[in-house]
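Enquirer: First the structure, which I've put down as structure tokens, then a few questions once you've had a look.
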Amino acid sequence: MKDGFGREIDYLRISVTDKCNLRCQYCMPKQGVAVLPHEEVLTLEEIFRIVRIMGTLGIKKLRFTGGEPLVRKNLVKLIGDVDGLAGISDIAMTTNGLLLEEQIDALKQAGLKRVNISLDTLERAVFEQITGYDGLARVLAAVDAALDRRMRVKVNCVPCRELNDGGIEALAGLAREKDVDVRFIELMPIGCGKAFRGIASEEILERLERQYGTARKVSPETESETAQHYQFAGFLGRIGFISPMSHKFCGACNRVRLTVDGQLKLCLHYDNGLALKPLLRGGAGDDEIRERIASAVKEKPRGHSFSDAAMQGHEEKRKMVQIGG
Ligand code: SAM
Ligand code: SF4
């Protein structure tokens with residue numbers, strides 16, 4: 001399925017819940033966000049139907065996210081159901097890791113291939129300060145549990161001046177000890193993220209080279225890869241940078257998002273898209289939904305413009321916990 005700029009759209013990120021068991025300061029207000037009433041949230045059957053239809057439109061890769069995806073009941077069943085659907089070849093998840101260890105065997109058996117685990121620090125007290133919960137040990141146990149099952153693991157960190165600046169080098173060191181990619185994601189000015197100062201990828205790379213020696217740049221595995229990877233001598237895993245602020249990568253964007261309330265969201269930064277819930281619940285047939293999705297995708301914006309006054313008014317008003325990153 002191609003968008004209006006000729007980009008091949010083959011990646012769907014699915015937010016399965018707006019609930020979360022953490023309160024990361026740059027993502028979620030301390031008091032939480034008002035969660036949607038139960039009936040507003042897509043059922044697992046509705047999500048399955050959208051994936052089945054989008055599989056026939058050329059979606060190959062799925063990523064489950066949230067809120068925290070692992071707090072959604074019966075997610076394992078949904079993963080098992082979408083695994084093996086026509087077209088779907090890769091199923092991944094982005095999680096904070098708190099509930100991962102206890103579900104890892106069931107998830108793997110259902111068809112989950114890869115996990116991205118969000119982790120911003122290796123210091124227990126800083127973890128608690130950022131997330132509001134003393135959970136570092138559980139997240140580290142989840143990283144090991146996934147590696148033990150031979151799953152591909154990426155650790156994602158959002159560097160923030162006010163929160164975890166002092167522990168960036170130590171966190172990168174995880175990739176020295178373990179076969180994980182540690183990736184640094186530039187903070188985007190969305191929702192609570194606006195209150196913090198992110199740290200540019202360039203600065204982090206410089207700091208890591210000062211500590212660990214010169215890194216070798218690794219060629220991307222796919223054209224649409226958003227991260228730039230580096231290999232440090234003696235490291236088992238790689239270091240990655242996702243730099244939406246300093247190096248816009250929208251030209252190679254291959255993704256759309258399904259929000260928890262059934263909006264097909266075309267760009268992280270814009271609030272427009274296609275409301276699928278009225279179609280799903282209003283008796284629309286598969287063909288009609290397929291056509292509506294294909295024509296909505298043609299309207300995918302060229303790119304984000306966090307610094308562009310022209311798009312004001314269409315800016316995303318949801319918080320990141322409601323979008324899924
Ligand atoms: N709860 C899961 C987790 O934390 O992995 C999935 C949802 S969370 C919204 C997905 C990712 O978005 C996390 O890695 C988080 O650090 C990141 N994130 C949240 N707010 C962000 C922001 N303003 N800019 C960049 N990344 C952000
Ligand atoms: Fe929850 Fe993930 Fe947001 Fe943290 S980043 S508050 S874990 S949704």
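Identifiers in the structure tokens: chain A, B, ... in order shown; residue index from 1 per chain; ligand index from 1 in order shown.
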Env of Lys2 of chain A: 10 Å cut, atoms = only C-alpha atoms, seq-sep filter 5 positions within chain, self excluded. Answer as a short mmCIF file (atom, residue, chain, number, x, y, z; two decimals) with N, CA, C and O atoms, in the first residue's frame.

Expert:
data_model
loop_
_atom_site.label_atom_id
_atom_site.label_comp_id
_atom_site.auth_asym_id
_atom_site.auth_seq_id
_atom_site.Cartn_x
_atom_site.Cartn_y
_atom_site.Cartn_z
N ARG A 7 5.51 6.41 -0.62
CA ARG A 7 6.15 5.58 0.42
C ARG A 7 5.34 4.30 0.60
O ARG A 7 4.11 4.33 0.68
N GLU A 8 6.04 3.18 0.70
CA GLU A 8 5.38 1.89 0.90
C GLU A 8 5.03 1.76 2.38
O GLU A 8 5.93 1.79 3.23
N ILE A 9 3.76 1.64 2.69
CA ILE A 9 3.33 1.55 4.10
C ILE A 9 3.11 0.07 4.43
O ILE A 9 2.16 -0.55 3.96
N ASP A 10 4.03 -0.49 5.25
CA ASP A 10 3.90 -1.92 5.55
C ASP A 10 4.00 -2.22 7.05
O ASP A 10 4.18 -3.35 7.47
N LEU A 57 -3.75 -5.51 2.60
CA LEU A 57 -3.37 -4.25 1.95
C LEU A 57 -1.85 -4.07 1.91
O LEU A 57 -1.36 -3.05 1.45
N GLY A 58 -1.13 -5.00 2.49
CA GLY A 58 0.33 -4.89 2.42
C GLY A 58 1.02 -4.63 3.76
O GLY A 58 2.24 -4.42 3.80
N ASN A 254 7.44 4.33 7.01
CA ASN A 254 6.65 3.24 6.43
C ASN A 254 5.48 2.84 7.33
O ASN A 254 4.93 1.77 7.18
N ALA A 294 -7.27 2.39 2.52
CA ALA A 294 -6.33 2.68 1.42
C ALA A 294 -6.41 4.15 1.03
O ALA A 294 -5.38 4.78 0.78
N SER A 295 -7.63 4.73 1.03
CA SER A 295 -7.67 6.13 0.61
C SER A 295 -7.21 7.05 1.74
O SER A 295 -6.60 8.09 1.48
N VAL A 297 -4.77 6.40 3.77
CA VAL A 297 -3.30 6.32 3.77
C VAL A 297 -2.70 7.26 2.72
O VAL A 297 -1.61 7.81 2.89
N LYS A 298 -3.46 7.50 1.67
CA LYS A 298 -3.00 8.45 0.63
C LYS A 298 -2.83 9.85 1.21
O LYS A 298 -2.13 10.69 0.66
N LYS A 300 -1.54 10.56 4.12
CA LYS A 300 -0.48 10.61 5.16
C LYS A 300 0.38 11.85 4.93
O LYS A 300 0.84 12.10 3.82
#

Enquirer: Chain A near ligand 2 within 9 Å: what's each residue's closest atom pair and its distance in Å to one decimal, counting only C-alpha atoms and all ligand atoms, ordered by chain then ascending residue number, as a tab-separated table?

Expert:
residue	atom	partner	partner_atom_place_in_ligand_line	distance
A:Asp18	CA	ligand 2	8 (S)	7.8
A:Lys19	CA	ligand 2	8 (S)	7.6
A:Cys20	CA	ligand 2	1 (Fe)	4.7
A:Asn21	CA	ligand 2	1 (Fe)	6.3
A:Leu22	CA	ligand 2	1 (Fe)	4.8
A:Arg23	CA	ligand 2	6 (S)	4.1
A:Cys24	CA	ligand 2	6 (S)	4.0
A:Gln25	CA	ligand 2	6 (S)	7.0
A:Tyr26	CA	ligand 2	5 (S)	7.6
A:Cys27	CA	ligand 2	3 (Fe)	4.6
A:Met28	CA	ligand 2	6 (S)	5.0
A:Pro29	CA	ligand 2	6 (S)	8.3
A:Gly32	CA	ligand 2	6 (S)	8.7
A:Thr65	CA	ligand 2	8 (S)	8.2
A:Gly66	CA	ligand 2	8 (S)	5.9
A:Gly67	CA	ligand 2	8 (S)	4.0
A:Glu68	CA	ligand 2	8 (S)	5.3
A:Pro69	CA	ligand 2	8 (S)	8.5
A:Thr94	CA	ligand 2	2 (Fe)	8.3
A:Thr95	CA	ligand 2	2 (Fe)	6.7
A:Asn96	CA	ligand 2	7 (S)	4.8
A:Gly97	CA	ligand 2	7 (S)	8.4
A:Leu98	CA	ligand 2	7 (S)	8.8
A:Ser118	CA	ligand 2	2 (Fe)	7.1
A:Leu119	CA	ligand 2	7 (S)	8.9
A:Ile130	CA	ligand 2	4 (Fe)	8.7
A:Thr131	CA	ligand 2	4 (Fe)	6.5
A:Lys319	CA	ligand 2	3 (Fe)	8.8
A:Met320	CA	ligand 2	3 (Fe)	6.4
A:Val321	CA	ligand 2	8 (S)	4.3
A:Gln322	CA	ligand 2	8 (S)	7.6
A:Ile323	CA	ligand 2	8 (S)	8.7
A:Gly324	CA	ligand 2	8 (S)	6.6
A:Gly325	CA	ligand 2	5 (S)	8.0

Enquirer: Write out as a PyMOL selection string each polymer residue whose atoms come within 7 Å of segment 213-222 of chain A, counting only C-alpha atoms; drop sequence neighbours fewer than 4 positions from it.

Expert: chain A and resi 209+228-232

Enquirer: Write out as a CSV table (one decimal) with all heavy atoms, in the first residue's frame the residues lying within 7 Å of segment 197-200 of chain A, counting only C-alpha atoms and excluding same-chain residues fewer than 3 positions away.

Expert:
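What follows is the written file selection.csv:
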chain,number,residue,atom,x,y,z
A,159,PRO,N,16.8,10.2,26.6
A,159,PRO,CA,17.6,11.0,27.5
A,159,PRO,C,17.0,12.4,27.7
A,159,PRO,O,16.6,13.0,26.8
A,159,PRO,CB,18.9,11.2,26.6
A,159,PRO,CG,18.9,10.1,25.6
A,159,PRO,CD,17.4,10.0,25.3
A,160,CYS,N,16.9,12.7,29.0
A,160,CYS,CA,16.3,14.0,29.4
A,160,CYS,C,17.3,14.7,30.3
A,160,CYS,O,17.8,14.1,31.3
A,160,CYS,CB,15.1,13.8,30.2
A,160,CYS,SG,13.6,13.6,29.3
A,161,ARG,N,17.6,16.0,30.0
A,161,ARG,CA,18.5,16.7,30.9
A,161,ARG,C,18.1,16.6,32.3
A,161,ARG,O,19.0,16.4,33.2
A,161,ARG,CB,18.4,18.2,30.4
A,161,ARG,CG,19.6,19.0,30.3
A,161,ARG,CD,20.9,18.5,29.8
A,161,ARG,NE,21.2,18.9,28.5
A,161,ARG,CZ,22.2,18.4,27.8
A,161,ARG,NH1,22.9,17.4,28.2
A,161,ARG,NH2,22.4,18.9,26.6
A,162,GLU,N,16.8,16.8,32.6
A,162,GLU,CA,16.4,16.9,34.0
A,162,GLU,C,16.3,15.5,34.7
A,162,GLU,O,16.2,15.5,35.9
A,162,GLU,CB,15.0,17.6,34.1
A,162,GLU,CG,15.0,19.0,33.6
A,162,GLU,CD,14.8,19.1,32.1
A,162,GLU,OE1,14.9,18.1,31.4
A,162,GLU,OE2,14.5,20.2,31.6
A,186,GLU,N,15.5,10.7,20.8
A,186,GLU,CA,15.3,12.1,21.2
A,186,GLU,C,13.9,12.4,21.6
A,186,GLU,O,12.9,12.0,21.0
A,186,GLU,CB,15.7,13.0,20.0
A,186,GLU,CG,17.2,13.0,19.7
A,186,GLU,CD,17.6,13.9,18.5
A,186,GLU,OE1,16.7,14.2,17.7
A,186,GLU,OE2,18.7,14.2,18.3
A,187,LEU,N,13.8,13.1,22.8
A,187,LEU,CA,12.6,13.5,23.3
A,187,LEU,C,11.8,14.3,22.3
A,187,LEU,O,12.3,15.3,21.8
A,187,LEU,CB,12.8,14.2,24.6
A,187,LEU,CG,11.6,14.7,25.3
A,187,LEU,CD1,10.9,13.6,26.1
A,187,LEU,CD2,11.9,15.9,26.3
A,203,GLU,N,25.3,14.7,20.7
A,203,GLU,CA,26.0,14.9,22.0
A,203,GLU,C,26.2,13.5,22.7
A,203,GLU,O,27.3,13.2,23.2
A,203,GLU,CB,25.2,15.8,23.0
A,203,GLU,CG,25.8,15.8,24.4
A,203,GLU,CD,25.0,16.6,25.4
A,203,GLU,OE1,24.4,17.6,25.0
A,203,GLU,OE2,25.1,16.2,26.6
A,204,ILE,N,25.2,12.7,22.6
A,204,ILE,CA,25.3,11.4,23.3
A,204,ILE,C,26.4,10.5,22.6
A,204,ILE,O,27.3,9.9,23.3
A,204,ILE,CB,24.0,10.6,23.2
A,204,ILE,CG1,22.9,11.5,23.8
A,204,ILE,CG2,24.1,9.2,23.9
A,204,ILE,CD1,22.2,11.1,24.9
A,246,SER,N,16.7,16.0,15.6
A,246,SER,CA,17.9,16.6,14.9
A,246,SER,C,18.0,16.0,13.5
A,246,SER,O,18.7,16.7,12.6
A,246,SER,CB,19.1,16.3,15.7
A,246,SER,OG,19.3,14.9,15.9

Enquirer: Select, from A:Cys250, A:Val153, A:Ile47, A:Ala170, the residue with the minimum atom-to-atom distance to Ile14 of chain A, counting only C-alpha atoms.

Expert: A:Ile47

Enquirer: Taking the DSSP assignment computed from this structure's backbone, write out as number ranges by chain all residues of segment 56-247 of chain A that belong to strand (DSSP E).

Expert: A: 61-65, 90-95, 114-118, 152-157, 181-185, 215-218, 227-232, 239-242

Enquirer: Give me the residues near segment 284-291 of chain A as a list of chain:residue names, where near means some atom within 8 Å (using only C-alpha atoms) and where sequence neighbours in that chain fewer than 5 positions away do not count.

Expert: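 So the residues in contact are A:Ile53, A:Met54, A:Leu57, A:Leu276, A:Leu279.
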
Enquirer: Could you turn the residues from that selection into a file that holds all heavy atoms, as a PDB file, in the first residue's frame?

Expert:
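Contents of the output file part.pdb:
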ATOM      1  N   ILE A  53      -7.670  -7.203   7.675  1.00  0.00           N
ATOM      2  CA  ILE A  53      -7.910  -6.402   6.466  1.00  0.00           C
ATOM      3  C   ILE A  53      -6.615  -5.726   6.016  1.00  0.00           C
ATOM      4  O   ILE A  53      -6.271  -5.727   4.828  1.00  0.00           O
ATOM      5  CB  ILE A  53      -9.025  -5.358   6.737  1.00  0.00           C
ATOM      6  CG1 ILE A  53     -10.357  -6.083   6.959  1.00  0.00           C
ATOM      7  CG2 ILE A  53      -9.117  -4.357   5.584  1.00  0.00           C
ATOM      8  CD1 ILE A  53     -11.492  -5.186   7.433  1.00  0.00           C
ATOM      9  N   MET A  54      -5.860  -5.186   6.973  1.00  0.00           N
ATOM     10  CA  MET A  54      -4.639  -4.458   6.583  1.00  0.00           C
ATOM     11  C   MET A  54      -3.550  -5.399   6.091  1.00  0.00           C
ATOM     12  O   MET A  54      -2.689  -5.006   5.305  1.00  0.00           O
ATOM     13  CB  MET A  54      -4.170  -3.561   7.733  1.00  0.00           C
ATOM     14  CG  MET A  54      -5.163  -2.412   7.956  1.00  0.00           C
ATOM     15  SD  MET A  54      -4.633  -1.161   9.120  1.00  0.00           S
ATOM     16  CE  MET A  54      -3.435  -0.234   8.158  1.00  0.00           C
ATOM     17  N   LEU A  57      -3.753  -5.509   2.601  1.00  0.00           N
ATOM     18  CA  LEU A  57      -3.371  -4.248   1.947  1.00  0.00           C
ATOM     19  C   LEU A  57      -1.853  -4.067   1.913  1.00  0.00           C
ATOM     20  O   LEU A  57      -1.358  -3.050   1.448  1.00  0.00           O
ATOM     21  CB  LEU A  57      -3.989  -3.069   2.705  1.00  0.00           C
ATOM     22  CG  LEU A  57      -5.440  -2.721   2.398  1.00  0.00           C
ATOM     23  CD1 LEU A  57      -5.980  -1.747   3.433  1.00  0.00           C
ATOM     24  CD2 LEU A  57      -5.571  -2.132   1.006  1.00  0.00           C
ATOM     25  N   LEU A 276     -12.077   4.412  12.634  1.00  0.00           N
ATOM     26  CA  LEU A 276     -12.514   3.086  12.174  1.00  0.00           C
ATOM     27  C   LEU A 276     -13.676   2.525  13.003  1.00  0.00           C
ATOM     28  O   LEU A 276     -14.435   1.682  12.520  1.00  0.00           O
ATOM     29  CB  LEU A 276     -11.331   2.109  12.217  1.00  0.00           C
ATOM     30  CG  LEU A 276     -10.297   2.350  11.112  1.00  0.00           C
ATOM     31  CD1 LEU A 276      -8.981   1.643  11.436  1.00  0.00           C
ATOM     32  CD2 LEU A 276     -10.834   1.845   9.773  1.00  0.00           C
ATOM     33  N   LEU A 279     -17.120   2.587  11.521  1.00  0.00           N
ATOM     34  CA  LEU A 279     -17.251   1.622  10.416  1.00  0.00           C
ATOM     35  C   LEU A 279     -17.408   0.216  10.978  1.00  0.00           C
ATOM     36  O   LEU A 279     -18.291  -0.555  10.581  1.00  0.00           O
ATOM     37  CB  LEU A 279     -16.014   1.675   9.517  1.00  0.00           C
ATOM     38  CG  LEU A 279     -15.770   2.989   8.752  1.00  0.00           C
ATOM     39  CD1 LEU A 279     -14.434   2.964   8.037  1.00  0.00           C
ATOM     40  CD2 LEU A 279     -16.892   3.202   7.747  1.00  0.00           C
TER      41      LEU A 279
END
